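Source file: data-v5.txt (compact mmCIF, C-alpha atoms)
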# COMPACT_ATOMS: atom_id res chain seq x y z
CA MET A 1 3.58 -19.45 14.06
CA ILE A 2 1.63 -18.16 11.03
CA ASN A 3 3.35 -17.64 7.67
CA VAL A 4 3.33 -14.19 6.11
CA ARG A 5 1.03 -15.17 3.21
CA ASP A 6 -1.61 -16.46 5.61
CA LYS A 7 -1.20 -13.33 7.76
CA MET A 8 -1.79 -11.09 4.73
CA LEU A 9 -4.89 -13.11 3.77
CA GLU A 10 -6.14 -12.77 7.34
CA MET A 11 -5.55 -9.02 7.23
CA VAL A 12 -7.56 -8.77 3.99
CA GLU A 13 -10.39 -10.71 5.63
CA MET A 14 -10.22 -8.24 8.53
CA GLY A 15 -10.59 -5.24 6.20
CA LEU A 16 -7.22 -4.44 4.61
CA SER A 17 -7.95 -3.09 1.14
CA LYS A 18 -7.79 -5.84 -1.49
CA ASP A 19 -7.01 -3.20 -4.11
CA ASP A 20 -3.99 -2.00 -2.11
CA VAL A 21 -2.70 -5.55 -1.73
CA ILE A 22 -3.20 -6.32 -5.44
CA LEU A 23 -1.39 -3.15 -6.50
CA ALA A 24 1.46 -3.81 -4.07
CA CYS A 25 1.86 -7.38 -5.31
CA LEU A 26 1.84 -6.39 -8.99
CA LYS A 27 4.34 -3.60 -8.40
CA TYR A 28 6.62 -5.90 -6.40
CA MET A 29 6.51 -8.89 -8.77
CA SER A 30 8.71 -9.12 -11.85
CA VAL A 31 7.10 -9.03 -15.30
CA ASP A 32 7.77 -12.76 -15.67
CA GLU A 33 6.17 -13.52 -12.30
CA VAL A 34 3.05 -11.54 -13.24
CA LYS A 35 2.90 -13.32 -16.62
CA ASP A 36 3.22 -16.74 -14.96
CA MET A 37 0.55 -15.87 -12.40
CA ALA A 38 -1.82 -14.56 -15.09
CA LEU A 39 -1.36 -17.70 -17.20
CA TYR A 40 -1.61 -20.08 -14.23
CA ASN A 41 -4.88 -18.50 -13.09
CA ASP A 42 -6.31 -18.24 -16.63
CA PHE A 43 -6.49 -14.43 -16.50
CA LEU A 44 -4.58 -14.56 -19.80
CA SER A 45 -3.93 -17.36 -22.28
CA TYR A 46 -1.03 -17.98 -24.62
CA ASP A 47 -3.27 -16.57 -27.38
CA ASP A 48 -2.92 -13.20 -25.65
CA PHE A 49 0.83 -13.12 -26.40
CA ASP A 50 2.84 -12.62 -29.57
CA ASP A 51 5.75 -14.86 -30.61
CA ASN A 52 8.09 -12.96 -28.25
CA MET A 53 5.73 -13.48 -25.28
CA ARG A 54 4.67 -9.83 -25.23
CA VAL A 55 1.02 -9.18 -24.42
CA ILE A 56 -1.02 -8.32 -27.49
CA ASP A 57 -3.05 -5.20 -26.82
CA LYS A 58 -6.27 -6.24 -28.55
CA TRP A 59 -7.71 -2.73 -28.28
CA GLU A 60 -4.64 -1.34 -30.06
CA VAL A 61 -4.63 -4.14 -32.67
CA ASN A 62 -8.35 -3.67 -33.46
CA ASN A 63 -7.96 0.11 -33.26
CA GLY A 64 -11.43 0.26 -31.77
CA LYS A 65 -13.02 -1.61 -34.69
CA ASP A 66 -15.43 -4.45 -33.97
Now, as a test, write the supplied structure out as structure tokens.
Amino acid sequence: MINVRDKMLEMVEMGLSKDDVILACLKYMSVDEVKDMALYNDFLSYDDFDDNMRVIDKWEVNNGKD
């Protein structure tokens, strides 16, 4: 018997849209789960968060200035 995670990976390998799976996962996961996943996989670092663990929008902070 195959577990559901492996089945989903198999379906992606067989042509299921990766974008659809990514969007579904992000919409399903809680904010804390997404944060943990992003930190664990080094998509974000703790430097990307303020003291209250909210993501710092660097575009907004820099206001488009380099």
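The list of residues within 12 Å of (-1.8, -14.4, -21.9), counted using only C-alpha atoms, is A:Asp32, A:Val34, A:Lys35, A:Asp36, A:Met37, A:Ala38, A:Leu39, A:Tyr40, A:Asn41, A:Asp42, A:Phe43, A:Leu44, A:Ser45, A:Tyr46, A:Asp47, A:Asp48, A:Phe49, A:Asp50, A:Asp51, A:Asn52, A:Met53, A:Arg54, A:Val55, A:Ile56, A:Asp57, A:Lys58.
Across the structure, atom CA of Leu23 of chain A and atom CA of Arg5 of chain A are spaced 15.6 Å apart.
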**Report entry** atom CA of Asn3 of chain A to atom CA of Val21 of chain A, distance in Å rounded to a single decimal
**Finding:** 16.5 Å
Query raised in the report: What is the distance, in Å and to one decimal place, between atom CA of Val4 of chain A and atom CA of Ala24 of chain A?
Result: 14.7 Å
